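See below for coords-v2.cif, which holds mmCIF, C-alpha atoms.
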data_query
loop_
_atom_site.label_atom_id
_atom_site.label_comp_id
_atom_site.auth_asym_id
_atom_site.auth_seq_id
_atom_site.Cartn_x
_atom_site.Cartn_y
_atom_site.Cartn_z
CA MET A 4 20.12 109.00 115.75
CA GLN A 5 23.85 108.58 115.16
CA LEU A 6 25.04 108.57 111.55
CA PRO A 7 27.24 105.71 110.31
CA SER A 8 30.97 106.31 110.29
CA LYS A 9 32.71 107.53 107.14
CA ARG A 10 33.86 103.99 106.40
CA TYR A 11 30.33 102.59 106.46
CA GLN A 12 29.01 105.56 104.50
CA ALA A 13 31.62 104.92 101.79
CA ILE A 14 30.78 101.19 101.63
CA ILE A 15 27.03 101.88 101.49
CA SER A 16 27.54 104.51 98.77
CA LEU A 17 29.67 102.08 96.78
CA ILE A 18 27.06 99.31 96.97
CA LEU A 19 24.25 101.67 95.95
CA MET A 20 26.24 103.08 93.02
CA VAL A 21 27.08 99.62 91.66
CA MET A 22 23.51 98.33 92.10
CA ILE A 23 21.97 101.38 90.40
CA THR A 24 24.42 101.13 87.50
CA LEU A 25 23.73 97.43 86.94
CA TYR A 26 19.99 97.97 87.26
CA ILE A 27 20.11 100.70 84.62
CA ALA A 28 22.20 98.43 82.39
CA VAL A 29 19.81 95.46 82.69
CA PHE A 30 16.44 97.24 82.99
CA PRO A 31 16.80 100.54 81.14
CA SER A 32 13.84 102.88 81.21
CA SER A 33 12.60 104.64 78.10
CA LEU A 34 14.62 107.73 79.02
CA ILE A 35 17.79 105.68 79.42
CA LYS A 36 17.11 103.99 76.09
CA GLN A 37 16.89 107.40 74.47
CA LEU A 38 20.15 108.48 76.10
CA ALA A 39 21.80 105.27 74.88
CA THR A 40 21.04 106.27 71.30
CA LEU A 41 22.74 109.66 71.62
CA PRO A 42 26.00 109.60 69.68
CA TRP A 43 29.24 110.47 71.48
CA LEU A 44 27.53 111.03 74.85
CA ASP A 45 29.98 108.88 76.82
CA MET A 46 32.97 110.23 74.90
CA THR A 47 31.88 113.85 75.42
CA LEU A 48 31.42 113.37 79.17
CA ALA A 49 34.77 111.60 79.48
CA ILE A 50 36.54 114.41 77.60
CA LEU A 51 34.82 116.96 79.85
CA ALA A 52 35.94 115.02 82.95
CA LEU A 53 39.49 114.84 81.56
CA THR A 54 39.57 118.58 80.84
CA LEU A 55 38.17 119.73 84.19
CA SER A 56 40.28 117.33 86.25
CA PHE A 57 43.38 118.57 84.41
CA HIS A 58 42.34 122.18 85.03
CA TYR A 59 41.84 121.61 88.76
CA LYS A 60 45.01 119.47 88.96
CA GLN A 61 43.17 116.34 90.08
CA GLY A 62 45.70 113.86 88.71
CA ARG A 63 43.99 110.62 89.68
CA ALA A 64 40.63 111.66 88.24
CA CYS A 65 42.43 112.94 85.13
CA PHE A 66 44.16 109.60 84.56
CA CYS A 67 40.94 107.69 85.23
CA ALA A 68 39.14 109.78 82.59
CA PHE A 69 42.01 109.02 80.22
CA LEU A 70 41.53 105.28 80.83
CA LEU A 71 37.82 105.60 80.05
CA LEU A 72 38.67 107.29 76.75
CA VAL A 73 41.12 104.50 75.91
CA TYR A 74 38.43 101.92 76.69
CA GLN A 75 35.96 103.74 74.43
CA ALA A 76 38.49 104.14 71.62
CA PHE A 77 38.60 100.44 70.76
CA PRO A 78 35.01 100.16 69.42
CA LEU A 79 35.63 103.25 67.27
CA THR A 80 39.02 102.33 65.85
CA LEU A 81 38.87 98.50 65.94
CA PRO A 82 35.21 97.43 65.73
CA ASP A 83 36.11 93.79 64.98
CA PHE A 84 38.36 93.67 68.07
CA VAL A 85 35.33 94.28 70.30
CA LEU A 86 33.95 90.85 69.41
CA THR A 87 37.06 89.01 70.59
CA ASN A 88 37.62 87.38 73.99
CA ILE A 89 40.65 89.59 74.50
CA TYR A 90 38.48 92.72 74.55
CA ALA A 91 35.78 91.11 76.70
CA ASN A 92 38.27 89.73 79.25
CA LEU A 93 41.56 91.64 79.07
CA LEU A 94 40.32 95.24 79.11
CA PRO A 95 38.10 94.77 82.20
CA GLN A 96 41.13 93.24 83.94
CA VAL A 97 43.26 96.25 82.98
CA MET A 98 40.60 98.67 84.20
CA VAL A 99 40.16 96.87 87.52
CA LEU A 100 43.89 96.72 88.28
CA SER A 101 44.26 100.35 87.19
CA MET A 102 41.59 101.32 89.74
CA VAL A 103 43.51 99.38 92.41
CA TYR A 104 46.61 101.35 91.45
CA LEU A 105 44.78 104.71 91.51
CA ILE A 106 43.07 104.13 94.86
CA SER A 107 46.36 103.07 96.48
CA ASP A 108 48.22 106.08 95.05
CA SER A 109 48.10 109.52 96.63
CA GLU A 110 47.00 112.70 94.86
CA ARG A 111 50.09 114.23 93.24
CA GLY A 112 48.64 116.59 90.67
CA VAL A 113 49.10 116.46 86.90
CA SER A 114 52.80 117.12 86.48
CA MET A 115 54.59 115.51 83.54
CA SER A 116 56.68 113.24 85.77
CA VAL A 117 53.58 111.90 87.55
CA MET A 118 51.72 111.30 84.28
CA LYS A 119 54.76 109.49 82.83
CA GLU A 120 54.92 107.28 85.91
CA ARG A 121 51.22 106.43 85.67
CA MET A 122 51.48 105.73 81.96
CA ALA A 123 54.43 103.41 82.61
CA THR A 124 52.41 101.62 85.28
CA PHE A 125 49.44 101.34 82.91
CA ILE A 126 51.62 99.83 80.17
CA ALA A 127 53.20 97.45 82.68
CA ILE A 128 49.73 96.28 83.79
CA ILE A 129 48.74 95.60 80.17
CA PHE A 130 52.01 93.75 79.48
CA LEU A 131 51.72 91.63 82.64
CA LEU A 132 48.08 90.73 82.07
CA THR A 133 48.74 89.88 78.41
CA ILE A 134 51.42 87.37 79.41
CA VAL A 135 49.25 85.89 82.17
CA ASN A 136 46.26 85.55 79.84
CA MET A 137 48.39 83.88 77.16
CA LEU A 138 49.70 81.35 79.68
CA VAL A 139 46.25 80.70 81.11
CA THR A 140 44.78 80.25 77.63
CA LYS A 141 47.56 77.85 76.70
CA TYR A 142 47.42 75.63 79.78
CA ILE A 143 43.81 76.02 80.97
CA GLY A 144 42.07 76.78 77.69
CA THR A 145 39.95 79.73 78.81
CA MET A 146 40.83 83.35 79.40
CA SER A 147 37.94 83.84 81.82
CA PHE A 148 39.96 82.15 84.55
CA THR A 149 42.30 85.15 84.67
CA LEU A 150 39.36 87.51 85.08
CA TYR A 151 38.10 85.47 88.04
CA LEU A 152 41.62 85.55 89.49
CA VAL A 153 41.98 89.31 89.02
CA MET A 154 38.58 89.94 90.58
CA ALA A 155 39.37 87.63 93.52
CA LEU A 156 42.59 89.53 94.21
CA SER A 157 41.53 93.06 93.38
CA SER A 158 38.14 93.13 95.11
CA PRO A 159 39.58 92.72 98.64
CA ALA A 160 42.32 95.21 97.75
CA LEU A 161 39.77 97.81 96.63
CA ALA A 162 37.55 97.18 99.66
CA TYR A 163 40.51 97.42 102.05
CA GLN A 164 41.77 100.71 100.57
CA LEU A 165 38.27 102.19 100.72
CA TRP A 166 37.88 101.05 104.34
CA ARG A 167 41.29 102.51 105.20
CA SER A 168 40.64 105.83 103.46
CA PRO A 169 36.88 106.38 102.97
CA LYS A 170 37.17 109.45 100.74
CA TYR A 171 34.77 110.32 97.95
CA GLU A 172 37.37 109.89 95.21
CA ASN A 173 38.28 106.43 96.51
CA THR A 174 34.58 105.50 96.47
CA VAL A 175 34.42 106.55 92.80
CA PHE A 176 37.49 104.50 91.83
CA CYS A 177 36.08 101.48 93.71
CA TYR A 178 32.75 101.97 91.96
CA ILE A 179 34.38 101.92 88.53
CA GLY A 180 36.60 98.96 89.44
CA PHE A 181 33.84 96.78 90.87
CA THR A 182 31.44 97.59 88.03
CA MET A 183 34.08 96.81 85.38
CA ALA A 184 34.81 93.49 87.11
CA LEU A 185 31.11 92.54 87.05
CA ILE A 186 30.82 93.66 83.41
CA GLY A 187 33.77 91.44 82.56
CA LEU A 188 32.13 88.48 84.29
CA ILE A 189 28.96 89.08 82.29
CA GLY A 190 31.06 88.97 79.13
CA ALA A 191 29.61 92.04 77.45
CA PRO A 192 31.34 95.39 76.87
CA ALA A 193 30.17 98.33 78.92
CA SER A 194 27.39 100.30 77.25
CA ASN A 195 27.71 104.00 76.62
CA VAL A 196 25.20 104.58 79.43
CA ILE A 197 27.48 102.86 81.96
CA LEU A 198 30.53 104.67 80.61
CA SER A 199 28.57 107.91 80.84
CA LEU A 200 27.79 107.15 84.50
CA PHE A 201 31.51 106.57 85.09
CA ALA A 202 32.31 109.94 83.53
CA ILE A 203 29.55 111.68 85.51
CA SER A 204 30.93 110.23 88.76
CA LEU A 205 34.35 111.64 87.85
CA LEU A 206 32.78 115.02 87.08
CA VAL A 207 31.06 115.04 90.47
CA LEU A 208 34.42 114.14 92.04
CA VAL A 209 36.13 117.07 90.32
CA PHE A 210 33.33 119.50 91.24
CA ASN A 211 33.47 118.27 94.83
CA GLU A 212 37.22 118.90 94.98
CA ALA A 213 36.78 122.31 93.38
CA HIS A 214 34.15 123.18 95.99
CA LYS A 215 36.51 122.09 98.79
CA MET A 216 39.30 124.20 97.32
CA ALA A 217 37.01 127.24 97.22
CA TYR A 218 35.15 126.94 100.52
CA PHE A 219 37.37 124.93 102.88
CA ASP A 220 40.69 125.82 104.46
CA GLN A 221 43.45 123.58 103.14
CA LEU A 222 45.47 123.39 106.37
CA THR A 223 42.77 122.83 108.97
CA GLY A 224 40.00 121.29 106.85
CA ILE A 225 37.26 123.55 108.28
CA GLU A 226 35.24 126.08 106.30
CA SER A 227 37.13 129.13 105.06
CA ARG A 228 36.45 132.86 105.06
CA ARG A 229 34.77 132.63 101.65
CA SER A 230 32.29 130.14 103.10
CA LEU A 231 31.68 132.56 105.99
CA ASP A 232 30.93 135.36 103.51
CA VAL A 233 28.36 133.17 101.75
CA SER A 234 26.76 132.03 105.03
CA SER A 235 26.48 135.62 106.26
CA ARG A 236 24.14 136.50 103.39
CA GLY A 237 21.42 134.16 104.63
CA LEU A 238 21.32 135.15 108.30
CA SER A 239 18.15 136.10 110.13
CA LYS A 240 17.73 139.44 111.91
CA GLN A 241 19.07 137.96 115.14
CA PHE A 242 22.50 136.37 115.19
CA ALA A 243 25.74 136.33 117.16
CA VAL A 244 29.36 136.31 116.00
CA VAL A 245 32.42 135.16 117.92
CA MET A 246 35.92 136.19 116.89
CA CYS A 247 38.75 134.26 118.50
CA ASP A 248 42.44 133.69 118.02
CA VAL A 249 45.35 131.83 119.60
CA ASP A 250 47.14 133.77 122.33
CA HIS A 251 50.80 134.65 121.69
CA PHE A 252 50.78 132.61 118.50
CA LYS A 253 53.58 134.58 116.81
CA ARG A 254 55.82 134.07 119.83
CA PHE A 255 54.95 130.36 119.85
CA ASN A 256 55.62 130.10 116.10
CA ASP A 257 59.01 131.78 116.40
CA LYS A 258 60.03 129.55 119.32
CA TYR A 259 58.88 126.13 118.08
CA GLY A 260 58.74 126.58 114.30
CA HIS A 261 56.03 126.86 111.66
CA ASP A 262 55.37 123.10 111.49
CA THR A 263 54.50 123.01 115.19
CA GLY A 264 52.45 126.17 114.70
CA ASP A 265 50.48 124.44 111.95
CA GLU A 266 49.77 121.55 114.34
CA VAL A 267 48.41 124.04 116.86
CA LEU A 268 46.09 125.54 114.24
CA LYS A 269 44.85 122.06 113.30
CA LEU A 270 44.16 121.26 116.95
CA VAL A 271 42.34 124.56 117.52
CA ALA A 272 40.29 124.09 114.35
CA LYS A 273 39.25 120.62 115.50
CA LYS A 274 38.18 121.98 118.88
CA VAL A 275 36.22 125.00 117.61
CA GLN A 276 34.51 122.79 115.04
CA GLN A 277 33.01 120.82 117.93
CA VAL A 278 31.11 123.87 119.19
CA THR A 279 27.55 123.15 120.26
CA GLY A 280 24.47 125.36 120.36
CA GLY A 281 24.04 125.54 116.60
CA GLY A 282 27.32 127.32 115.90
CA ASN A 283 29.41 126.96 112.75
CA ALA A 284 33.20 127.36 112.80
CA TYR A 285 35.32 129.08 110.14
CA ARG A 286 38.99 129.89 109.77
CA TYR A 287 39.07 133.65 109.32
CA GLY A 288 42.77 133.98 108.56
CA GLY A 289 46.11 133.21 110.19
CA GLU A 290 45.51 132.18 113.81
CA GLU A 291 42.06 133.81 113.86
CA PHE A 292 38.80 131.84 113.79
CA CYS A 293 35.14 132.81 113.68
CA LEU A 294 32.02 131.20 115.16
CA LEU A 295 28.62 132.07 113.71
CA PHE A 296 25.33 131.48 115.58
CA ASP A 297 22.16 132.26 113.65
CA GLY A 298 19.08 133.08 115.72
CA LYS A 299 21.06 133.33 118.98
CA THR A 300 22.01 136.06 121.41
CA ALA A 301 25.36 136.61 123.11
CA GLU A 302 24.04 135.39 126.47
CA GLU A 303 22.68 132.20 124.89
CA ILE A 304 25.95 131.22 123.21
CA TYR A 305 28.28 132.18 126.05
CA LYS A 306 28.19 128.76 127.75
CA HIS A 307 28.95 126.99 124.47
CA VAL A 308 31.95 129.22 123.79
CA GLU A 309 33.15 128.71 127.36
CA VAL A 310 33.23 124.94 126.80
CA ILE A 311 35.51 125.47 123.79
CA ARG A 312 37.76 127.86 125.75
CA GLN A 313 38.18 125.40 128.62
CA ASP A 314 38.69 122.44 126.30
CA ILE A 315 41.56 124.19 124.50
CA ALA A 316 43.14 125.60 127.67
CA ASN A 317 43.09 122.22 129.42
CA TYR A 318 44.49 120.27 126.48
CA PRO A 319 48.17 119.30 127.00
CA PHE A 320 49.78 120.04 123.66
CA ALA A 321 52.98 117.99 123.32
CA VAL A 322 55.76 119.81 121.51
CA ARG A 323 57.65 117.50 119.18
CA SER A 324 61.35 117.54 119.93
CA SER A 325 64.11 116.91 117.40
CA LYS A 326 64.76 113.52 119.03
CA ARG A 327 61.20 112.33 118.62
CA LYS A 328 60.14 110.15 115.70
CA THR A 329 57.56 111.67 113.42
CA GLY A 330 54.03 110.46 114.07
CA THR A 331 54.70 108.82 117.44
CA PRO A 332 54.33 110.06 121.03
CA LEU A 333 57.53 108.27 122.08
CA ASP A 334 61.08 109.51 121.78
CA ARG A 335 63.92 107.32 120.51
CA THR A 336 64.57 105.95 124.01
CA GLY A 337 60.98 104.77 124.31
CA ASN A 338 60.03 107.31 126.96
CA VAL A 339 56.78 109.20 126.72
CA LYS A 340 57.36 112.88 126.03
CA THR A 341 56.32 115.15 128.91
CA ASN A 342 57.32 118.44 127.23
CA SER A 343 53.86 119.93 126.76
CA VAL A 344 52.67 123.52 126.56
CA GLN A 345 49.36 125.19 127.25
CA ILE A 346 47.47 126.66 124.32
CA THR A 347 44.91 129.34 125.15
CA MET A 348 42.52 131.46 123.11
CA SER A 349 40.77 134.78 123.58
CA PHE A 350 37.17 135.30 122.47
CA GLY A 351 35.09 138.34 121.57
CA ILE A 352 31.31 138.13 121.12
CA ALA A 353 28.98 140.52 119.32
CA GLN A 354 25.30 140.23 118.51
CA THR A 355 22.40 141.87 116.74
CA THR A 356 18.66 141.51 117.19
CA CYS A 357 17.59 144.05 114.58
CA GLY A 358 19.31 142.83 111.42
CA GLU A 359 22.46 144.94 111.40
CA ARG A 360 24.91 144.38 108.58
CA PHE A 361 27.14 141.38 109.15
CA GLU A 362 30.29 143.42 108.52
CA ARG A 363 29.42 145.76 111.39
CA VAL A 364 28.69 142.92 113.81
CA ILE A 365 31.90 141.08 112.99
CA ASN A 366 33.85 144.32 113.52
CA GLN A 367 32.20 144.64 116.93
CA ALA A 368 33.22 141.06 117.74
CA ASP A 369 36.76 141.95 116.72
CA GLU A 370 36.70 144.88 119.13
CA GLN A 371 35.59 142.57 121.94
CA LEU A 372 38.44 140.25 121.02
CA TYR A 373 40.93 143.10 121.52
CA ARG A 374 39.30 143.86 124.88
CA ALA A 375 39.80 140.22 125.84
CA LYS A 376 43.48 140.52 124.89
CA ASP A 377 43.82 143.66 127.01
CA ALA A 378 42.10 141.91 129.91
CA GLY A 379 44.85 139.30 130.08
CA ARG A 380 43.88 136.78 127.36
CA ASN A 381 42.33 133.31 127.80
CA CYS A 382 38.92 134.86 128.42
CA ILE A 383 35.61 135.67 126.76
CA MET A 384 34.39 139.23 126.35
CA LEU A 385 30.69 139.92 125.83
CA PRO A 386 29.31 143.07 124.16
CA VAL A 387 29.90 146.32 126.01
CA ALA A 388 26.19 146.77 126.66
CA ASP A 389 26.14 143.52 128.63
CA SER A 390 28.01 142.72 131.81
CA PRO A 391 31.48 141.53 130.87
CA LYS A 392 32.33 137.97 131.73
CA TYR A 393 35.89 136.88 132.20
CA SER A 394 36.96 133.26 132.33
CA ARG A 395 40.54 132.93 133.45
#
Write-out of the structure in structure tokens:
Amino acid sequence: MQLPSKRYQAIISLILMVMITLYIAVFPSSLIKQLATLPWLDMTLAILALTLSFHYKQGRACFCAFLLLVYQAFPLTLPDFVLTNIYANLLPQVMVLSMVYLISDSERGVSMSVMKERMATFIAIIFLLTIVNMLVTKYIGTMSFTLYLVMALSSPALAYQLWRSPKYENTVFCYIGFTMALIGLIGAPASNVILSLFAISLLVLVFNEAHKMAYFDQLTGIESRRSLDVSSRGLSKQFAVVMCDVDHFKRFNDKYGHDTGDEVLKLVAKKVQQVTGGGNAYRYGGEEFCLLFDGKTAEEIYKHVEVIRQDIANYPFAVRSSKRKTGTPLDRTGNVKTNSVQITMSFGIAQTTCGERFERVINQADEQLYRAKDAGRNCIMLPVADSPKYSR
């Protein structure tokens, strides 16, 4: 059964999050009712989200947590203001448009210049919506019309940005934006339970980003060496390890530049990540990668590694020339670039069937990798005890 694409997964997650939040708001269970009576729960969670997002330099989540705190500050400082139409209509509009701004903006950290820019945008949104609401109230007589207008314009914008970039953080910002729009249409301020759910979603976002920073390689997007170390602790007594790296990578890097070298590493990472046979791919360091097969022998995984070797060797990697526009396969004259180079990799395989320490097996795989280099590169070397197999 094929899983839905990332776009559909993001849309489904968004719908489920909004429905669950509204259900909890309308039909709270006894546990939710007890949580709703806890003082400062929503404020505490929002402050925690603000602190952690600032610590991990997640600027968009940090600013979103700040907006939640601003929204919660009004009932505490101006309790009479909560009963006005301005609070019930204007603040949901500000929150929705702020989410549109955050989802369309890229992650740029928490530097002072970025925070000043976002604060200026936030103030501009408030100023613009205040003028629009005043004009609508004067000529139409109801402020709710502006909320309908904002929702009609912002909802497609949020949905389009999520469809274009179905990332978890964008799903969270859409979730907050859509829920705030529906709350505004209902005409009641968000309860502390809903605000707590907003803050929890931001906390999950921050923890997710922190996990990616710790266990995934930033350049290639595949799992890192730390993730390999963790995975190695749960292996069975029988497993196989493949060490592999790009042939003549230093020479290639010196000739074509580090940017082109980074593109090669991204391509190789994408290819090794597609390994079949139950293997997991990791970036070990530099141009070196590792494949881990739990419960497999070297003979069993050889054919799967061979597919990866052939796929990389047969892929025509186009070298970007100085005359070529960034992000396009055409040069400035409109001709397709034919300047391509062959990328090859060497592979060394090691195995254990009696539960040897992972460090020893990976060192053996590294030795086989050096044998593959000595044998002429672009080949796979099996353990010494087995018959060597070369694929040139």
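Across the chains present, the PyMOL selection byres ((chain A and resi 318) around 10) applied to this file returns Leu270, Gln313, Asp314, Ile315, Ala316, Asn317, Pro319, Phe320, Ala321, Ser343, Val344, Gln345, Ile346 and Thr347 of chain A.
The interatomic distance for the pair atom CA of Gly288 of chain A and atom CA of Phe210 of chain A works out to 24.5 Å.
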Exercise. In terms of the shortest atom-to-atom distance over all atoms listed in the file, which of A:Asn366, A:Gln241, A:Ser101, A:Gln371 is closest to Ile352 of chain A?
Worked result: A:Gln371
For this session: Tell me which protein, DNA and RNA residues are within 8 Å of Val135 of chain A, counting all atoms listed in the file, leaving out same-chain ones fewer than 4 positions away, and put them as a VMD selection string.
Result: chain A and resid 131 139 149
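Using all atoms listed in the file, the protein and nucleic acid residues lying no more than 6 Å from segment 354-364 of chain A, apart from those fewer than 5 places from it along its own chain, are Lys240, Gln241, Phe242, Ala243 and Ala301 of chain A.
A search radius of 8 Å centred on (42.7, 95.3, 82.7), applied to only C-alpha atoms, returns the residues Asn92, Leu93, Leu94, Pro95, Gln96, Val97, Met98, Val99, Leu100, Ser101, Ile128, Ile129 and Leu132 of chain A.
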Could you save the residues just selected, with C-alpha atoms, as a PDB file, in the coordinates of the input?
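Done, and the output landed in out.pdb:
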ATOM      1  CA  ASN A  92      38.270  89.730  79.250  1.00  0.00           C
ATOM      2  CA  LEU A  93      41.560  91.640  79.070  1.00  0.00           C
ATOM      3  CA  LEU A  94      40.320  95.240  79.110  1.00  0.00           C
ATOM      4  CA  PRO A  95      38.100  94.770  82.200  1.00  0.00           C
ATOM      5  CA  GLN A  96      41.130  93.240  83.940  1.00  0.00           C
ATOM      6  CA  VAL A  97      43.260  96.250  82.980  1.00  0.00           C
ATOM      7  CA  MET A  98      40.600  98.670  84.200  1.00  0.00           C
ATOM      8  CA  VAL A  99      40.160  96.870  87.520  1.00  0.00           C
ATOM      9  CA  LEU A 100      43.890  96.720  88.280  1.00  0.00           C
ATOM     10  CA  SER A 101      44.260 100.350  87.190  1.00  0.00           C
ATOM     11  CA  ILE A 128      49.730  96.280  83.790  1.00  0.00           C
ATOM     12  CA  ILE A 129      48.740  95.600  80.170  1.00  0.00           C
ATOM     13  CA  LEU A 132      48.080  90.730  82.070  1.00  0.00           C
TER      14      LEU A 132
END
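Here the PyMOL selection byres ((chain A and resi 184) around 8) matches the residues Pro95, Gln96, Val99, Leu150, Met154, Gly180, Phe181, Thr182, Met183, Leu185, Ile186, Gly187 and Leu188 of chain A.
For the pair atom CA of Val308 of chain A and atom CA of Gly260 of chain A, the separation is 28.5 Å.
Across A:Ile203, A:Tyr285, A:Val245, A:Lys299, the tightest approach to Ala375 of chain A is made by A:Val245 when counting all atoms listed in the file.
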Shell of 10 Å around Asn283 of chain A, all atoms listed in the file, local chain residues under 6 positions omitted, as a short mmCIF file (atom, residue, chain, number, x, y, z; two decimals) with C-alpha atoms, in the frame of the given file:
data_model
loop_
_atom_site.label_atom_id
_atom_site.label_comp_id
_atom_site.auth_asym_id
_atom_site.auth_seq_id
_atom_site.Cartn_x
_atom_site.Cartn_y
_atom_site.Cartn_z
CA ILE A 225 37.26 123.55 108.28
CA GLU A 226 35.24 126.08 106.30
CA LEU A 231 31.68 132.56 105.99
CA SER A 234 26.76 132.03 105.03
CA VAL A 244 29.36 136.31 116.00
CA VAL A 275 36.22 125.00 117.61
CA GLN A 276 34.51 122.79 115.04
CA GLN A 277 33.01 120.82 117.93
CA CYS A 293 35.14 132.81 113.68
CA LEU A 294 32.02 131.20 115.16
CA LEU A 295 28.62 132.07 113.71
CA PHE A 296 25.33 131.48 115.58
CA ASP A 297 22.16 132.26 113.65
#
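Remark: for Phe69 of chain A, the closest of the candidate residues A:Ser16, A:Leu205, A:Phe292, A:Met115 is A:Leu205 (distances computed over all atoms listed in the file).
When atom CA of Leu206 of chain A is paired with atom CA of Ser8 of chain A, their separation reads 24.9 Å.
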